[in-house]
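Below is one structure, written out as structure tokens; the observations come after it.
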Amino acid sequence: EAEGGEQSRVAIADYIDSIQALLAKKDGQNDKSKLLELDGPVPVDASEGTWQDKGKLRARTDFLNLDPQRFQYKVDNIGQAGVTEELKDVSKWDDNAAGTIFVWKDPANGKTYVVNGHHRYDLARRLGVPDVGIKYIDAPDAQSARAAGALQNIREGKGSAIDAAKFLRDSGKTINDLAEAGISVKGAVAKQGAALANLAPSLFDDVIHRNISLNRAAIIGEGLNSYDDQKSVLKLADQKKATDAELKEIIRLANGRKAEMPAPKAGEEQPNLF
């Protein structure tokens with residue numbers, strides 16, 4: 001009887017052990033489930049403002065900031081938010097069509113700024129979309145970030161001559177560099193973009209603000225390398241109310257005179273052509 005009692009106690013102990021093991025396994029599964037939940041999408045009100053969702057980075061719409069004067073690439077016809085009326089008639093958000101908005105974190109203030117995707121971001125804000133897909137640009141400063149965003153815009157085929165020039169000036173690259181990278185910049189855009197990129201900074205600013213016509217500025221940038229000569233010929237052309245054709249002829253004659261001038265001696269500067 002004692003032996004039977006001992007066997008009963010062992011059986012009960014084994015039963016209890018099996019129950020505990022089963023419970024432990026269930027608890028482990030629950031813990032794993034909790035971990036999987038933590039690895040999934042974080043609620044939209046995440047304090048950090050960004051999170052991973054199915055391998056893609058997303059951000060709260062109100063977490064992102066705008067500074068179009070520093071970052072907007074497409075400078076033609078933009079408003080204070082860095083947008084034109086391109087998406088003004090869109091009334092429904094399509095996350096797949098919206099794609100990825102390229103952003104950059106400014107180390108100076110810790111804020112994350114929209115670099116490429118101003119129109120989509122503006123649409124998201126207007127429609128009350130709580131979060132958008134983003135990708136951070138790895139760049140040391142705002143100018144490099146804008147150039148990287150600009151390159152993406154060119155890849156998407158949205159760049160005008162002014163836009164291309166802005167990228168070339170920021171990056172120090174040429175149209176040929178873009179071609180070698182497999183990026184197509186079509187005829188007139190490439191030619192005018194390269195010419196505008198060669199302008200004196202003050203003249204390029206005048207082009208952006210429409211104080212100089214695109215064609216006139218491109219003629220000057222293509223025909224003259226000296227910033228002083230560029231400014232002087234524009235002043236002369238304005239005084240004489242020269243047409244674009246006459247401006248071309250003025251520059252051609254000036255370059256002809258320059259070719260006949262003796263090379264400046266060491267320490268001397270090339271005299272102004274105008």
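Numbering starts fresh at 1 for the residues of each chain in the structure tokens, the chains themselves are lettered A, B, ... in the order given, and ligands are numbered from 1 as they appear.
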Residues near range 177-181 of chain A, anyone? I mean within 9 Å using only C-alpha atoms, not counting same-chain ones fewer than 4 positions away, as a short mmCIF file (atom, residue, chain, number, x, y, z; two decimals) with all heavy atoms, in the first residue's frame.
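What ended up in part06.cif:
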data_model
loop_
_atom_site.label_atom_id
_atom_site.label_comp_id
_atom_site.auth_asym_id
_atom_site.auth_seq_id
_atom_site.Cartn_x
_atom_site.Cartn_y
_atom_site.Cartn_z
N LEU A 151 18.60 65.68 -57.42
CA LEU A 151 18.95 64.57 -58.30
C LEU A 151 17.78 63.60 -58.43
O LEU A 151 17.47 63.10 -59.51
CB LEU A 151 20.17 63.84 -57.74
CG LEU A 151 20.78 62.76 -58.63
CD1 LEU A 151 21.23 63.35 -59.95
CD2 LEU A 151 21.94 62.08 -57.92
N LYS A 173 28.51 69.50 -60.15
CA LYS A 173 28.56 68.54 -61.25
C LYS A 173 28.18 69.21 -62.56
O LYS A 173 27.76 70.36 -62.59
CB LYS A 173 27.63 67.36 -60.96
CG LYS A 173 28.07 66.52 -59.76
CD LYS A 173 27.20 65.30 -59.60
CE LYS A 173 27.64 64.46 -58.42
NZ LYS A 173 29.02 63.93 -58.59
N VAL A 185 18.87 64.29 -69.28
CA VAL A 185 18.36 65.67 -69.22
C VAL A 185 18.21 66.10 -70.68
O VAL A 185 19.19 66.25 -71.40
CB VAL A 185 19.33 66.60 -68.48
CG1 VAL A 185 18.76 68.00 -68.39
CG2 VAL A 185 19.63 66.07 -67.09
#
Show which residues sit within 9 Å of range 89-97 of chain A, as a VMD selection string. Count only C-alpha atoms, and ignore same-chain residues fewer than 5 positions away. chain A and resid 123 to 124 126 to 127 129 132 to 133
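The closest residue to Arg169 in chain A, picked from A:Ser144, A:Ser184, A:Asn211, A:Asn153 and counting only C-alpha atoms, is A:Ser144.
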Neighbours of range 155-167 of chain A within 6 Å (only C-alpha atoms; same-chain residues fewer than 6 positions away dropped), as a PyMOL selection string? chain A and resi 74+147+189+192-193+196-197
Go ahead and write the selection's residues with N, CA and C atoms as a PDB file, in the first residue's frame.
ATOM      1  N   LYS A  74      12.333  72.535 -57.287  1.00  0.00           N
ATOM      2  CA  LYS A  74      11.583  73.089 -58.405  1.00  0.00           C
ATOM      3  C   LYS A  74      11.172  74.518 -58.079  1.00  0.00           C
ATOM      4  N   ALA A 147      20.879  69.097 -53.053  1.00  0.00           N
ATOM      5  CA  ALA A 147      21.410  68.531 -54.288  1.00  0.00           C
ATOM      6  C   ALA A 147      20.962  67.082 -54.455  1.00  0.00           C
ATOM      7  N   VAL A 189      16.710  71.620 -72.011  1.00  0.00           N
ATOM      8  CA  VAL A 189      16.884  71.679 -70.559  1.00  0.00           C
ATOM      9  C   VAL A 189      18.360  71.571 -70.202  1.00  0.00           C
ATOM     10  N   GLN A 192      20.348  74.872 -71.572  1.00  0.00           N
ATOM     11  CA  GLN A 192      20.066  76.067 -70.784  1.00  0.00           C
ATOM     12  C   GLN A 192      20.492  75.886 -69.330  1.00  0.00           C
ATOM     13  N   GLY A 193      20.297  74.682 -68.800  1.00  0.00           N
ATOM     14  CA  GLY A 193      20.696  74.426 -67.422  1.00  0.00           C
ATOM     15  C   GLY A 193      22.170  74.642 -67.213  1.00  0.00           C
ATOM     16  N   LEU A 196      22.902  78.442 -67.351  1.00  0.00           N
ATOM     17  CA  LEU A 196      22.450  79.147 -66.151  1.00  0.00           C
ATOM     18  C   LEU A 196      23.341  78.815 -64.951  1.00  0.00           C
ATOM     19  N   ALA A 197      23.855  77.596 -64.919  1.00  0.00           N
ATOM     20  CA  ALA A 197      24.736  77.201 -63.818  1.00  0.00           C
ATOM     21  C   ALA A 197      26.036  77.987 -63.838  1.00  0.00           C
TER      22      ALA A 197
END
Near Ala139 in chain A, counting only C-alpha atoms, which residues have an atom at most 9 Å away, once you skip same-chain residues fewer than 3 positions from it, shown as a count of residues only? 8
Set the distance at 10 Å and use only C-alpha atoms: which residues neighbour Asn198 in chain A once local chain neighbours fewer than 3 positions away are removed? I'd like the list as a PyMOL selection string. chain A and resi 165+168-169+192-195+201+203-204+217-218+220-227+230
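The nearest approach to Arg58 in chain A among the residues A:Lys135, A:Lys241, A:Arg257, A:Lys111, with only C-alpha atoms taken into account, belongs to A:Lys135.
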Length of the CA of Thr112 in chain A to CA of Leu66 in chain A vector [Å]: 8.6 Å
Pull the alpha helix (DSSP H) assignments for range 191-243 of chain A out of DSSP run on the backbone, and list those residues as a compact mmCIF listing (two decimals) with C-alpha atoms, in the first residue's frame.
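Contents of out33.txt, as written:
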# COMPACT_ATOMS: atom_id res chain seq x y z
CA LYS A 191 21.81 73.29 -72.67
CA GLN A 192 20.07 76.07 -70.78
CA GLY A 193 20.70 74.43 -67.42
CA ALA A 194 24.44 74.32 -68.04
CA ALA A 195 24.44 77.95 -69.17
CA LEU A 196 22.45 79.15 -66.15
CA ALA A 197 24.74 77.20 -63.82
CA PRO A 201 25.28 84.25 -58.18
CA SER A 202 23.52 87.62 -58.26
CA LEU A 203 22.40 87.08 -61.86
CA PHE A 204 21.16 83.57 -61.09
CA ASP A 205 19.09 84.98 -58.22
CA ASP A 206 17.62 87.49 -60.68
CA VAL A 207 16.64 84.62 -62.98
CA ILE A 208 14.87 82.78 -60.14
CA LEU A 214 15.46 82.71 -69.05
CA ASN A 215 16.69 83.07 -72.63
CA ARG A 216 18.62 86.26 -71.94
CA ALA A 217 20.30 84.76 -68.90
CA ALA A 218 21.20 81.58 -70.79
CA ILE A 219 22.80 83.62 -73.60
CA ILE A 220 24.99 85.41 -71.05
CA GLY A 221 25.90 82.28 -69.13
CA GLU A 222 26.79 80.37 -72.27
CA GLY A 223 28.79 83.21 -73.85
CA TYR A 227 31.17 87.27 -63.62
CA ASP A 228 32.22 90.90 -64.12
CA ASP A 229 31.75 90.61 -67.88
CA GLN A 230 28.35 89.00 -67.40
CA LYS A 231 27.14 91.84 -65.19
CA SER A 232 28.58 94.49 -67.50
CA VAL A 233 27.07 93.08 -70.69
CA LEU A 234 23.65 92.81 -69.06
CA LYS A 235 23.86 96.43 -67.95
CA LEU A 236 24.95 97.48 -71.45
CA ALA A 237 22.19 95.44 -73.14
CA ASP A 238 19.55 96.94 -70.85
CA GLN A 239 20.81 100.46 -71.49
Pick from A:His209, A:Phe71, A:Pro262, A:His118, whichever lies nearest to Asp141 in chain A using only C-alpha atoms: A:Phe71
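Running DSSP on the backbone and keeping only strand (DSSP E or B), the residues of range 48-142 of chain A that qualify are Thr50, Trp51, Gln52, Asp53, Lys56, Leu57, Arg58, Ala59, Arg60, Asn65, Ile101, Phe102, Val103, Trp104, Lys105, Thr112, Tyr113, Val114, Val115, Asn116, Asp131, Val132, Gly133, Ile134, Lys135 and Tyr136 of chain A.
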Taking into account only C-alpha atoms, which residue in the set A:Ile212, A:Val115, A:Ile134, A:Ala266 is nearest to Thr100 in chain A? A:Ile134
